[in-house]
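J.: Structure in structure tokens, see below.
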Amino acid sequence: MPAPPRNVAPLVTALCWVVVVFDGYDLIVYGTVLPQLLTEPGWNLTSSTAGLLGSLAFLGMLLGALLAGRLADALGRRRTILACTAWFSVFTALCAIAPDPVVFGAFRLLAGLGLGGLVPSANALGSEFVPARSRSLVATLMMSGVPIGGSLAALIGIAVLPRYGWPAMFAIALLALVLVLPLCAWLLPESPAWLRAKGRIAQAEALERKYSLVPETETVPHRGFRALLKPPCTRATVLFALATLATLFAWYGLGTWLPQLMRQSGFDLGSALTFLLALNLGAVGGSLVTAWAGARLGPRRAAVLAAAVAAAGLLVLVLRPSQAGAYLALVLAGVGTHGTQCLIIAAVADHYPAPLRGSALGSALGIGRIGAVLAPQAGGWLLAAGFGVTANFLVFAIGAAVASGFVWACPRPVIRKEGVVTR
């Protein structure tokens, strides 16, 4: 492996960011192709079954985040990132040749294992190459890859769907396997903090000298998920998970159903996809705003404000604004929902010591994926029951407001000398 530059943090952040872009693309692409899937000959999809199909990837992400968070602490951040990238790329691409909804759903479920496992592993690695004061900035900038991937899915869909159909959108996932994975295998280093936690002190010290890193030396009496539920971690672990659940309910509910909701509001497919693009571009721009706010206010307080902004934007959509007003509201919703999730990740990374960080991120994101599992189904149920477009926006707005309350109740992080996090 060639030697990365002495200041390795930008390289690590950039490589993880690129992989997260593909994670975002592979996840949001379902919402992009959903209007075509609903008319696919022989599939006979309804709003309810389409919602179920959308939920399968998030169910896989729930399991993947819980498993990979633990694997990132046990086997290493680098190896887990490489394995997850290969996994989700292959199974997303296989969706292109699915002959029916059952096989398609199975592939989406399996792809979700890798999609869910990547984010906690990448964030754990990225946070361990920067000082604690920079973790909010790095986590937020890295996670901007999710809406950028979603924006690419919308832009590519506008050009590709009319000519080549929905299978081509999934085949594009192979680019991560061909281009990005070899680059990460070549350049991505392992975390010195993880090496220290595993007792590989000589290797850790060599990397710390090479990259001028300040060693993390916290110790914890227990490790793994059980340690996260022991005092004084219990309250933070539960509240971070609930806040993530509510945030992901709002974010992925919109990401799955927005094009179809706008089509039912009278827009054609191309125009409906531009609304999805507005949501994701708002999330991208919001990454910069929330990174700034997180560095100055702290990720916890900034997340409270971001979730409130998301709720306000979604409530505007309930009022059926003009087209320009709808674009503005979706930008605010994108800023708030994705910004809240980025800040929660930064708060978790800041709250727990290195031996627990991967498990803590995996726990928050894994349990939080319950919200992502429920959101596509909730949207489908509401439409199937005849409640219409407005009910979807109202339910997602409530999710964002609830997330704001949970984050507000989270304790402030203080790491004592023995490495145990308390308030």
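Identifiers for the structure tokens are assigned positionally: chains receive A, B, ... in sequence, residues are indexed from 1 per chain, and ligands are indexed from 1 in the order shown.
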For A:Leu53, work out the shell of residues within 12 Å, counting only C-alpha atoms and skipping chain neighbours fewer than 5 positions away, then give it as a VMD selection string.
T.: chain A and resid 30 to 31 34 37 to 38 43 45 to 48 58 to 60 95 100 to 109 112 256 373 to 377 380
J.: Could you write out that same residue set with N, CA and C atoms as a tab-separated table (two decimals), in the first residue's frame?
T.:
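Generated file (out_29.tsv):
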chain	number	residue	atom	x	y	z
A	30	TYR	N	-34.36	3.87	-5.73
A	30	TYR	CA	-35.68	3.23	-5.73
A	30	TYR	C	-36.79	4.26	-5.88
A	31	GLY	N	-36.69	5.37	-5.15
A	31	GLY	CA	-37.70	6.41	-5.29
A	31	GLY	C	-37.72	7.00	-6.69
A	34	LEU	N	-39.55	4.38	-8.94
A	34	LEU	CA	-40.85	3.89	-8.45
A	34	LEU	C	-42.01	4.16	-9.40
A	37	LEU	N	-41.86	1.47	-11.94
A	37	LEU	CA	-42.14	0.15	-11.40
A	37	LEU	C	-43.63	-0.08	-11.21
A	38	LEU	N	-44.35	0.99	-10.85
A	38	LEU	CA	-45.79	0.86	-10.64
A	38	LEU	C	-46.54	0.53	-11.93
A	43	TRP	N	-45.94	-7.04	-13.14
A	43	TRP	CA	-45.56	-6.93	-11.74
A	43	TRP	C	-46.78	-6.61	-10.87
A	45	LEU	N	-47.91	-4.02	-9.26
A	45	LEU	CA	-47.63	-3.37	-7.98
A	45	LEU	C	-48.74	-2.39	-7.63
A	46	THR	N	-49.07	-2.34	-6.34
A	46	THR	CA	-49.96	-1.33	-5.80
A	46	THR	C	-49.14	-0.40	-4.91
A	47	SER	N	-49.77	0.65	-4.40
A	47	SER	CA	-49.05	1.56	-3.49
A	47	SER	C	-48.55	0.81	-2.26
A	48	SER	N	-49.36	-0.12	-1.73
A	48	SER	CA	-48.97	-0.86	-0.53
A	48	SER	C	-47.79	-1.78	-0.80
A	58	PHE	N	-34.39	-0.92	3.63
A	58	PHE	CA	-34.17	-0.31	4.94
A	58	PHE	C	-34.13	-1.36	6.05
A	59	LEU	N	-34.89	-2.44	5.88
A	59	LEU	CA	-34.79	-3.55	6.82
A	59	LEU	C	-33.39	-4.15	6.77
A	60	GLY	N	-32.87	-4.33	5.56
A	60	GLY	CA	-31.50	-4.81	5.43
A	60	GLY	C	-30.50	-3.84	6.05
A	95	CYS	N	-30.43	-6.06	-9.06
A	95	CYS	CA	-31.84	-5.64	-9.18
A	95	CYS	C	-32.21	-5.38	-10.64
A	100	ASP	N	-39.11	-10.43	-11.27
A	100	ASP	CA	-40.40	-10.19	-10.64
A	100	ASP	C	-40.18	-9.47	-9.31
A	101	PRO	N	-41.26	-8.99	-8.68
A	101	PRO	CA	-41.11	-8.23	-7.44
A	101	PRO	C	-40.48	-9.03	-6.30
A	102	VAL	N	-40.69	-10.35	-6.26
A	102	VAL	CA	-40.14	-11.16	-5.17
A	102	VAL	C	-38.61	-11.17	-5.23
A	103	VAL	N	-38.06	-11.44	-6.40
A	103	VAL	CA	-36.61	-11.46	-6.55
A	103	VAL	C	-36.04	-10.05	-6.36
A	104	PHE	N	-36.73	-9.07	-6.93
A	104	PHE	CA	-36.30	-7.68	-6.76
A	104	PHE	C	-36.22	-7.32	-5.28
A	105	GLY	N	-37.26	-7.68	-4.53
A	105	GLY	CA	-37.27	-7.38	-3.10
A	105	GLY	C	-36.16	-8.09	-2.35
A	106	ALA	N	-35.86	-9.32	-2.74
A	106	ALA	CA	-34.77	-10.07	-2.09
A	106	ALA	C	-33.43	-9.39	-2.33
A	107	PHE	N	-33.21	-8.94	-3.56
A	107	PHE	CA	-31.96	-8.24	-3.87
A	107	PHE	C	-31.87	-6.92	-3.10
A	108	ARG	N	-32.98	-6.20	-2.98
A	108	ARG	CA	-32.95	-4.93	-2.24
A	108	ARG	C	-32.67	-5.18	-0.76
A	109	LEU	N	-33.24	-6.25	-0.21
A	109	LEU	CA	-32.98	-6.60	1.18
A	109	LEU	C	-31.50	-6.90	1.40
A	112	GLY	N	-29.34	-3.88	1.16
A	112	GLY	CA	-29.46	-3.06	2.35
A	112	GLY	C	-28.48	-3.43	3.45
A	256	THR	N	-38.43	8.16	-0.72
A	256	THR	CA	-39.12	7.06	-1.42
A	256	THR	C	-40.34	7.54	-2.19
A	373	VAL	N	-37.56	1.78	7.70
A	373	VAL	CA	-38.38	0.63	7.29
A	373	VAL	C	-39.86	1.01	7.28
A	374	LEU	N	-40.28	1.74	8.30
A	374	LEU	CA	-41.70	2.08	8.43
A	374	LEU	C	-42.15	3.14	7.43
A	375	ALA	N	-41.24	4.07	7.07
A	375	ALA	CA	-41.63	5.22	6.27
A	375	ALA	C	-42.21	4.85	4.90
A	376	PRO	N	-41.55	4.01	4.08
A	376	PRO	CA	-42.15	3.67	2.78
A	376	PRO	C	-43.50	2.97	2.93
A	377	GLN	N	-43.62	2.10	3.95
A	377	GLN	CA	-44.90	1.43	4.16
A	377	GLN	C	-45.97	2.42	4.61
A	380	GLY	N	-47.21	4.29	1.64
A	380	GLY	CA	-48.07	3.44	0.82
A	380	GLY	C	-49.43	3.21	1.46
J.: Skipping near chain neighbours, those fewer than 4 positions away, what residues fall within 9 Å of A:Gly76 using only C-alpha atoms, listed as a PyMOL selection string?
T.: chain A and resi 71-72+80-81+121+125+190-191+194-195
J.: Please produce an output containing all heavy atoms for each residue in the selection, written as a short mmCIF file (atom, residue, chain, number, x, y, z; two decimals), in the first residue's frame.
T.:
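Output below, filename selection-v1.cif:
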data_model
loop_
_atom_site.label_atom_id
_atom_site.label_comp_id
_atom_site.auth_asym_id
_atom_site.auth_seq_id
_atom_site.Cartn_x
_atom_site.Cartn_y
_atom_site.Cartn_z
N LEU A 71 -18.79 -5.22 13.78
CA LEU A 71 -17.65 -5.71 13.02
C LEU A 71 -16.56 -4.65 12.89
O LEU A 71 -15.36 -4.97 12.92
CB LEU A 71 -18.09 -6.16 11.62
CG LEU A 71 -18.90 -7.45 11.54
CD1 LEU A 71 -19.33 -7.71 10.11
CD2 LEU A 71 -18.09 -8.63 12.08
N ALA A 72 -16.97 -3.38 12.75
CA ALA A 72 -15.99 -2.31 12.64
C ALA A 72 -15.16 -2.19 13.91
O ALA A 72 -13.99 -1.82 13.87
CB ALA A 72 -16.70 -0.98 12.35
N THR A 80 -14.17 -3.45 7.03
CA THR A 80 -15.63 -3.42 7.00
C THR A 80 -16.14 -2.51 5.89
O THR A 80 -17.12 -2.84 5.20
CB THR A 80 -16.16 -2.94 8.36
OG1 THR A 80 -15.62 -3.76 9.40
CG2 THR A 80 -17.68 -3.01 8.41
N ILE A 81 -15.49 -1.38 5.69
CA ILE A 81 -15.88 -0.47 4.60
C ILE A 81 -15.74 -1.15 3.24
O ILE A 81 -16.64 -1.08 2.39
CB ILE A 81 -15.03 0.82 4.66
CG1 ILE A 81 -15.42 1.66 5.87
CG2 ILE A 81 -15.18 1.64 3.37
CD1 ILE A 81 -14.48 2.82 6.14
N SER A 121 -19.41 2.51 9.73
CA SER A 121 -17.99 2.17 9.58
C SER A 121 -17.20 3.35 9.03
O SER A 121 -16.11 3.68 9.53
CB SER A 121 -17.84 0.96 8.65
OG SER A 121 -18.64 -0.12 9.07
N LEU A 125 -14.32 5.59 11.05
CA LEU A 125 -12.96 5.76 10.54
C LEU A 125 -12.63 7.25 10.37
O LEU A 125 -11.57 7.72 10.80
CB LEU A 125 -12.80 5.03 9.21
CG LEU A 125 -11.41 5.10 8.58
CD1 LEU A 125 -10.38 4.39 9.47
CD2 LEU A 125 -11.40 4.48 7.19
N GLU A 190 -5.94 2.04 7.97
CA GLU A 190 -6.73 1.62 9.13
C GLU A 190 -6.63 2.68 10.22
O GLU A 190 -5.71 3.51 10.24
CB GLU A 190 -6.23 0.26 9.64
CG GLU A 190 -7.04 -0.34 10.79
CD GLU A 190 -8.52 -0.43 10.49
OE1 GLU A 190 -9.25 0.56 10.78
OE2 GLU A 190 -8.95 -1.47 9.98
N SER A 191 -7.57 2.66 11.14
CA SER A 191 -7.63 3.63 12.23
C SER A 191 -6.62 3.28 13.33
O SER A 191 -6.67 2.19 13.89
CB SER A 191 -9.03 3.66 12.82
OG SER A 191 -9.03 4.24 14.10
N TRP A 194 -8.45 2.34 16.50
CA TRP A 194 -8.93 0.95 16.54
C TRP A 194 -7.77 0.01 16.86
O TRP A 194 -7.93 -0.94 17.63
CB TRP A 194 -9.56 0.58 15.21
CG TRP A 194 -9.99 -0.86 15.18
CD1 TRP A 194 -11.13 -1.38 15.73
CD2 TRP A 194 -9.27 -1.96 14.61
NE1 TRP A 194 -11.15 -2.74 15.53
CE2 TRP A 194 -10.04 -3.12 14.84
CE3 TRP A 194 -8.07 -2.07 13.93
CZ2 TRP A 194 -9.62 -4.38 14.41
CZ3 TRP A 194 -7.65 -3.32 13.49
CH2 TRP A 194 -8.43 -4.46 13.73
N LEU A 195 -6.61 0.26 16.25
CA LEU A 195 -5.45 -0.59 16.52
C LEU A 195 -5.08 -0.56 18.00
O LEU A 195 -4.75 -1.59 18.60
CB LEU A 195 -4.27 -0.14 15.67
CG LEU A 195 -4.40 -0.37 14.15
CD1 LEU A 195 -3.28 0.33 13.41
CD2 LEU A 195 -4.40 -1.86 13.84
#
J.: Could you list, as a list in words, every residue within 9 Å of A:Val180, counting only C-alpha atoms and ignoring same-chain residues fewer than 2 positions away?
T.: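 My reading of the contact set: Leu15, Val18, Val19, Thr85, Leu175, Ala176, Leu177, Val178, Pro182, Leu183, Cys184 and Ala185 of chain A.
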J.: Could you tell me how far atom CA of A:Tyr25 sits from atom CA of A:Ala111, in Å to one decimal place?
T.: 12.2 Å
J.: Which residue, A:Thr390, A:Gln264, A:Asn280, A:Thr340, has the smallest gap to A:Arg320 when you use only C-alpha atoms?
T.: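 Residue with the minimum atom-to-atom distance to A:Arg320: A:Thr390.
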J.: Per residue of stretch 140-246 of chain A within 7 Å of stretch 284-301 of chain A, what are the shortest atom pair and its distance in Å to one decimal, counting only C-alpha atoms, with rows by chain and residue number, as a Markdown table?
T.:
| residue | atom | partner | partner_atom | distance |
| --- | --- | --- | --- | --- |
| A:Thr140 | CA | A:Ala291 | CA | 5.5 |
| A:Leu141 | CA | A:Ser287 | CA | 6.1 |
| A:Ser144 | CA | A:Val284 | CA | 5.4 |
| A:Pro147 | CA | A:Val284 | CA | 5.8 |
| A:Ile148 | CA | A:Val284 | CA | 6.2 |
J.: Which residue is closest to A:Gly145? Choose from A:Leu365, A:Leu248, A:Val8, A:Leu281 and count only C-alpha atoms.
T.: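 Checking each of A:Leu365, A:Leu248, A:Val8, A:Leu281 against A:Gly145, counting only C-alpha atoms, the winner is A:Leu281.
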J.: Restricting the calculation to only C-alpha atoms, which member of A:Pro35, A:Lys230, A:Glu128, A:Ala50 is positioned closest to A:Glu208?
T.: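 With only C-alpha atoms as the atom set, the closest residue is A:Glu128.
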J.: So how many Å separate atom CA of A:Leu394 and atom CA of A:Gly334, to one decimal?
T.: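 Atom-to-atom, atom CA of A:Leu394 and atom CA of A:Gly334 are spaced 15.4 Å apart.
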J.: I'd like to know which of A:Tyr352, A:Trp186, A:Trp251, A:Phe387 is closest to A:Thr234, using only C-alpha atoms.
T.: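 With only C-alpha atoms as the atom set, the closest residue is A:Tyr352.
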J.: Give me the residues near A:Asp350 as a list in words, where near means some atom within 7 Å (using only C-alpha atoms) and where sequence neighbours in that chain fewer than 2 positions away do not count.
T.: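 My list of contacting residues is Ala132, Arg135, Ala346, Ala347, Val348 and Tyr352 of chain A.
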J.: With N, CA, C and O atoms retained, export the selected residues as an mmCIF file, in the first residue's frame.
T.:
data_model
loop_
_atom_site.group_PDB
_atom_site.id
_atom_site.type_symbol
_atom_site.label_atom_id
_atom_site.label_comp_id
_atom_site.auth_asym_id
_atom_site.auth_seq_id
_atom_site.Cartn_x
_atom_site.Cartn_y
_atom_site.Cartn_z
ATOM 1 N N ALA A 132 -11.234 16.028 18.093
ATOM 2 C CA ALA A 132 -12.630 15.958 18.513
ATOM 3 C C ALA A 132 -13.414 17.183 18.056
ATOM 4 O O ALA A 132 -14.590 17.078 17.683
ATOM 5 N N ARG A 135 -14.905 16.795 14.485
ATOM 6 C CA ARG A 135 -15.718 15.634 14.118
ATOM 7 C C ARG A 135 -17.071 16.028 13.547
ATOM 8 O O ARG A 135 -17.595 15.381 12.643
ATOM 9 N N ALA A 346 -22.439 13.027 14.218
ATOM 10 C CA ALA A 346 -21.318 13.737 14.829
ATOM 11 C C ALA A 346 -21.423 13.714 16.352
ATOM 12 O O ALA A 346 -20.411 13.545 17.054
ATOM 13 N N ALA A 347 -22.628 13.876 16.878
ATOM 14 C CA ALA A 347 -22.818 13.860 18.329
ATOM 15 C C ALA A 347 -22.494 12.496 18.916
ATOM 16 O O ALA A 347 -21.876 12.391 19.986
ATOM 17 N N VAL A 348 -22.882 11.432 18.231
ATOM 18 C CA VAL A 348 -22.567 10.078 18.707
ATOM 19 C C VAL A 348 -21.059 9.839 18.683
ATOM 20 O O VAL A 348 -20.479 9.319 19.648
ATOM 21 N N TYR A 352 -18.902 9.028 22.512
ATOM 22 C CA TYR A 352 -18.383 7.739 22.967
ATOM 23 C C TYR A 352 -16.885 7.624 22.691
ATOM 24 O O TYR A 352 -16.387 8.128 21.688
#
J.: From the set A:Gly366, A:Ala397, A:Leu343, A:Val146, which residue has the shortest atom-to-atom contact distance to A:Val316, counting only C-alpha atoms?
T.: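 For A:Val316, the nearest of the candidates is A:Ala397.
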J.: Could you please determine the separation between atom CA of A:Ile28 and atom CA of A:Cys84 in Å, to one decimal place?
T.: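 It comes out at 17.3 Å.
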J.: Given the choices A:Phe406, A:Tyr164, A:Phe88, A:Trp381, which gets closest to A:Gly24 if the distance is worked out from only C-alpha atoms?
T.: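 Result for the nearest residue to A:Gly24: A:Phe88.
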J.: Tell me which protein, DNA and RNA residues are within 9 Å of A:Gly157, counting only C-alpha atoms, leaving out same-chain ones fewer than 2 positions away, and put them as a list in words.
T.: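 These residues fall inside the cut-off: Val29, Thr32, Val33, Leu152, Ala153, Ala154, Leu155, Ala159, Val160, Leu161, Pro162, Gly165, Trp166, Met169, Gly270 and Leu273 of chain A.
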J.: Just to be explicit: take each residue in the selection above, keep N, CA and C atoms, and write the result as an mmCIF file, in the first residue's frame.
T.:
data_model
loop_
_atom_site.group_PDB
_atom_site.id
_atom_site.type_symbol
_atom_site.label_atom_id
_atom_site.label_comp_id
_atom_site.auth_asym_id
_atom_site.auth_seq_id
_atom_site.Cartn_x
_atom_site.Cartn_y
_atom_site.Cartn_z
ATOM 1 N N VAL A 29 -32.205 5.562 -5.404
ATOM 2 C CA VAL A 29 -32.586 5.201 -6.762
ATOM 3 C C VAL A 29 -33.966 4.538 -6.809
ATOM 4 N N THR A 32 -36.562 7.038 -7.343
ATOM 5 C CA THR A 32 -36.478 7.567 -8.702
ATOM 6 C C THR A 32 -37.221 6.681 -9.699
ATOM 7 N N VAL A 33 -37.093 5.372 -9.553
ATOM 8 C CA VAL A 33 -37.693 4.445 -10.525
ATOM 9 C C VAL A 33 -39.096 4.011 -10.129
ATOM 10 N N LEU A 152 -27.748 12.736 -7.823
ATOM 11 C CA LEU A 152 -27.291 12.065 -9.043
ATOM 12 C C LEU A 152 -28.336 11.082 -9.552
ATOM 13 N N ALA A 153 -28.993 10.384 -8.617
ATOM 14 C CA ALA A 153 -30.036 9.448 -9.035
ATOM 15 C C ALA A 153 -31.166 10.179 -9.760
ATOM 16 N N ALA A 154 -31.554 11.349 -9.228
ATOM 17 C CA ALA A 154 -32.617 12.116 -9.875
ATOM 18 C C ALA A 154 -32.168 12.654 -11.236
ATOM 19 N N LEU A 155 -30.949 13.223 -11.297
ATOM 20 C CA LEU A 155 -30.446 13.771 -12.555
ATOM 21 C C LEU A 155 -30.265 12.686 -13.611
ATOM 22 N N ALA A 159 -32.471 11.668 -17.473
ATOM 23 C CA ALA A 159 -31.892 11.359 -18.777
ATOM 24 C C ALA A 159 -32.049 9.891 -19.173
ATOM 25 N N VAL A 160 -31.924 8.981 -18.189
ATOM 26 C CA VAL A 160 -31.837 7.555 -18.504
ATOM 27 C C VAL A 160 -33.201 6.869 -18.564
ATOM 28 N N LEU A 161 -34.092 7.204 -17.629
ATOM 29 C CA LEU A 161 -35.353 6.465 -17.536
ATOM 30 C C LEU A 161 -36.181 6.488 -18.825
ATOM 31 N N PRO A 162 -36.365 7.636 -19.483
ATOM 32 C CA PRO A 162 -37.193 7.611 -20.705
ATOM 33 C C PRO A 162 -36.597 6.763 -21.825
ATOM 34 N N GLY A 165 -35.043 2.824 -19.395
ATOM 35 C CA GLY A 165 -35.888 2.172 -18.403
ATOM 36 C C GLY A 165 -35.198 2.011 -17.057
ATOM 37 N N TRP A 166 -35.950 1.504 -16.082
ATOM 38 C CA TRP A 166 -35.449 1.420 -14.704
ATOM 39 C C TRP A 166 -34.282 0.448 -14.505
ATOM 40 N N MET A 169 -30.814 2.051 -14.293
ATOM 41 C CA MET A 169 -30.501 2.836 -13.102
ATOM 42 C C MET A 169 -29.799 1.981 -12.044
ATOM 43 N N GLY A 270 -40.841 13.875 -15.325
ATOM 44 C CA GLY A 270 -39.665 14.737 -15.320
ATOM 45 C C GLY A 270 -39.762 15.825 -14.267
ATOM 46 N N LEU A 273 -39.407 14.425 -10.695
ATOM 47 C CA LEU A 273 -38.025 14.136 -10.321
ATOM 48 C C LEU A 273 -37.258 15.404 -9.959
#
J.: Per DSSP on the backbone, what are the alpha helix (DSSP H) residues of stretch 136-268 of chain A, as a VMD selection string?
T.: chain A and resid 136 to 143 145 to 164 166 to 171 174 to 175 181 to 187 192 to 197 201 to 211 225 to 228 234 to 264
